[in-house]
Amino acid sequence: MISFSVFIHKWTGLLAAAFLIVAGVTGSLLAFEKELEALVNPGQYVVQPRLDEQGRPAAMLDPFELHARAVAALPGYQVTGFPFLRTPDRSVPFNLTRGDPKQPDADQAFLDPYDGRLLGVRKYGATPFDRTTLIGFIYKLHYALALPAPYGQWLFGLVALVWTVNCLVGIVSTFPRIPPFWKRWLPAWLIKHTGSTYRLHYDVHRASGLWLWAVLFLFAWSSVMLNLRQEIYTPVMSTFLEFSATPEPRKADTSKPLLGWPQAYDIASRAMDELAAQHGFTVNFRSHLFYNRRFDAFIYYANTSRDVQSDRGQTGVFIDARSGALLGSRMPTGAYSGDTVSRWLQSLHMAKVFGLPFRIFVAFVGLALAISAYTGLYVWWKKRKARLARDDKLRIKAKALAAQPAPHPHQAHRPL
């Protein structure tokens with residue numbers, strides 16, 4: 001059993017190592033995504049806080065007024081979503097769909113919340129050579145190796161599945177083969193600083209995997225969830241958890257006009273209040289409003305007592321974009337066990353809970369993952385190099401023996 005685990009751990013580790021180095025380093029950076037955006041892309045992302053004549057924080061534009069200015073400033077695009085949340089020193093992002101092919105390819109616009117000025121547009125993650133899209137490119141590199149959809153996502157999903165298996169067999173491969181178990185297993189958790197370079201790499205690889213095993217397994221399986229949710233994650237987890245139904249795409253009834261955004265918000269927010277009263281949760285603040293063309297629906301998110309994150313809303317209601325009829329709702333926790341587990345896995349993976357200390361921890365885990373993958377490659381390479389050198393010596397010795405002349409028959413049978 002242990003020998004088989006060692007074999008599987010080696011080959012799954014080799015298959016995934018290079019990907020995990022990329023995922024670990026980029027994941028460490030993305031734990032501070034907003035701070036990096038402000039540092040790298042201040043022209044679009046950062047605004048100067050304003051004060052009124054009395055020296056108090058100046059009022060920002062109403063979200064729907066800002067939406068109207070975005071529509072006016074962006075001919076050739078359809079505005080498909082925006083947040084209600086405001087931060088004094090940050091611009092407001094709007095989601096876009098390009099309608100006129102003559103316009104630059106873009107899916108995000110940034111507006112100044114105080115005066116509605118358009119600060120810029122971008123195609124999220126388009127290239128690493130533009131400061132406005134660099135952080136988005138790192139994000140795409142993290143979950144899909146920046147490959148075209150959906151192939152990169154599938155590839156990294158398969159790597160995440162291999163990584164999950166690697167975690168499971170990895171801990172078994174460290175078990176002692178003979179008793180006493182605990183006494184012989186203890187050295188596997190330690191790093192010897194006085195050994196050779198090879199021994200240091202081996203100890204770091206083994207000890208980091210043991211100390212961080214639970215966290216690495218959580219990140220591995222949540223990566224499967226994020227990349228292969230319907231293909232692998234949900235079928236596996238559905239064997240013991242219950243999930244809400246996945247909504248089906250709807251054909252738009254273009255004979256009827258779309259609701260106005262303020263009207264859609266009024267209907268959706270009332271539906272949210274009714275949902276809160278029905279299920280016994282409280283609404284903390286409004287978060288986002290989107291139009292989803294695939295479902296021909298407006299989707300309104302609010303932050304509620306059912307949410308895991310505190311900086312945005314994840315409780316949603318879906319209304320028909322033409323009639324305003326309620327199509328469905330989604331509660332992140334408390335309704336379905338599978339949804340609750342999945343929301344926690346996603347929030348932990350993306351460092352969206354427990355504040356700055358957890359983000360620092362996630363950044364540390366990302367670096368530890370990259371180091372563990374690198375040291376695993378180093379150990380394999382050194383072992384392979386030693387094995388090849390030993391095989392070469394055996395071949396040379398065998399050739400030397402074969403080249404020696406055979407002894408004379410009389411000499412071979414000479415009596416003592």
# chains A, B, ... in the order shown; residues from 1 in each chain; ligands from 1
call {"tool": "residues_around", "arguments": {"residues": "Asp320 (chain A)", "least_positions_apart": "6", "cutoff": "9 Å", "atoms": "only C-alpha atoms", "output": "ChimeraX atom specification"}}
result
/A:259,264,295-298,326-327
call {"tool": "residues_around", "arguments": {"residues": "region 245-249 of chain A", "least_positions_apart": "5", "cutoff": "12 Å", "atoms": "only C-alpha atoms", "output": "PyMOL selection string"}}
result
chain A and resi 229-230+234+238+292-297+318+320+327-330+335-336+338-339
call {"tool": "closest_residue", "arguments": {"among": "A:Ile178, A:Ala17, A:Leu289, A:Ile371", "to": "Ala207 (chain A)", "atoms": "only C-alpha atoms"}}
result
A:Ile371
call {"tool": "atom_distance", "arguments": {"atom1": "CA of Ala268 (chain A)", "atom2": "CA of Val341 (chain A)"}}
result
26.2 Å
call {"tool": "select_by_dssp", "arguments": {"residues": "region 182-315 of chain A", "states": "alpha helix (DSSP H)", "output": "MDAnalysis selection string"}}
result
chainID A and resid 182:185 197:211 213:227 234:237 261:279
call {"tool": "closest_residue", "arguments": {"among": "A:Met225, A:Ala59, A:Val362, A:Leu29", "to": "Thr164 (chain A)", "atoms": "only C-alpha atoms"}}
result
A:Met225
call {"tool": "atom_distance", "arguments": {"atom1": "CA of Gly116 (chain A)", "atom2": "CA of Arg312 (chain A)"}}
result
22.1 Å
call {"tool": "residues_around", "arguments": {"residues": "Gly81 (chain A)", "least_positions_apart": "6", "cutoff": "10 Å", "atoms": "only C-alpha atoms", "output": "PyMOL selection string"}}
result
chain A and resi 67+93-97+108+261+288-292+298-300
call {"tool": "write_last_selection", "arguments": {"atoms": "C-alpha atoms", "output": "tab-separated table (two decimals), in the first residue's frame"}}
result
chain	number	residue	atom	x	y	z
A	67	HIS	CA	-24.94	54.25	-14.72
A	93	PRO	CA	-16.18	49.38	-12.37
A	94	PHE	CA	-18.92	48.69	-14.93
A	95	ASN	CA	-19.32	45.45	-16.87
A	96	LEU	CA	-19.55	45.87	-20.64
A	97	THR	CA	-20.49	43.94	-23.75
A	108	GLN	CA	-14.84	46.72	-18.18
A	261	TRP	CA	-32.38	49.55	-14.50
A	288	HIS	CA	-24.53	44.52	-7.38
A	289	LEU	CA	-27.01	44.54	-10.23
A	290	PHE	CA	-26.38	42.67	-13.48
A	291	TYR	CA	-28.16	41.91	-16.72
A	292	ASN	CA	-27.48	38.34	-17.88
A	298	PHE	CA	-31.62	40.92	-14.09
A	299	ILE	CA	-29.66	39.51	-11.15
A	300	TYR	CA	-29.56	41.51	-7.95
call {"tool": "residues_around", "arguments": {"residues": "Lys123 (chain A)", "least_positions_apart": "4", "cutoff": "8 Å", "atoms": "only C-alpha atoms", "output": "PyMOL selection string"}}
result
chain A and resi 105-108+133
call {"tool": "decode", "arguments": {"residues": "region 243-261 of chain A", "atoms": "C-alpha atoms", "output": "mmCIF file, in the first residue's frame"}}
result
data_model
loop_
_atom_site.group_PDB
_atom_site.id
_atom_site.type_symbol
_atom_site.label_atom_id
_atom_site.label_comp_id
_atom_site.auth_asym_id
_atom_site.auth_seq_id
_atom_site.Cartn_x
_atom_site.Cartn_y
_atom_site.Cartn_z
ATOM 1 C CA PHE A 243 -27.357 21.229 -4.153
ATOM 2 C CA SER A 244 -29.800 23.757 -5.555
ATOM 3 C CA ALA A 245 -30.909 23.218 -9.136
ATOM 4 C CA THR A 246 -28.834 24.799 -11.889
ATOM 5 C CA PRO A 247 -30.984 27.323 -13.820
ATOM 6 C CA GLU A 248 -31.575 26.664 -17.506
ATOM 7 C CA PRO A 249 -30.791 29.299 -20.151
ATOM 8 C CA ARG A 250 -33.813 31.207 -21.429
ATOM 9 C CA LYS A 251 -34.570 32.548 -24.883
ATOM 10 C CA ALA A 252 -35.120 36.302 -24.783
ATOM 11 C CA ASP A 253 -38.547 37.591 -25.771
ATOM 12 C CA THR A 254 -37.276 40.493 -27.864
ATOM 13 C CA SER A 255 -40.823 41.602 -28.703
ATOM 14 C CA LYS A 256 -40.901 43.193 -25.241
ATOM 15 C CA PRO A 257 -38.503 45.926 -24.130
ATOM 16 C CA LEU A 258 -36.039 45.501 -21.291
ATOM 17 C CA LEU A 259 -36.986 46.934 -17.950
ATOM 18 C CA GLY A 260 -35.194 50.124 -16.953
ATOM 19 C CA TRP A 261 -32.381 49.553 -14.497
#
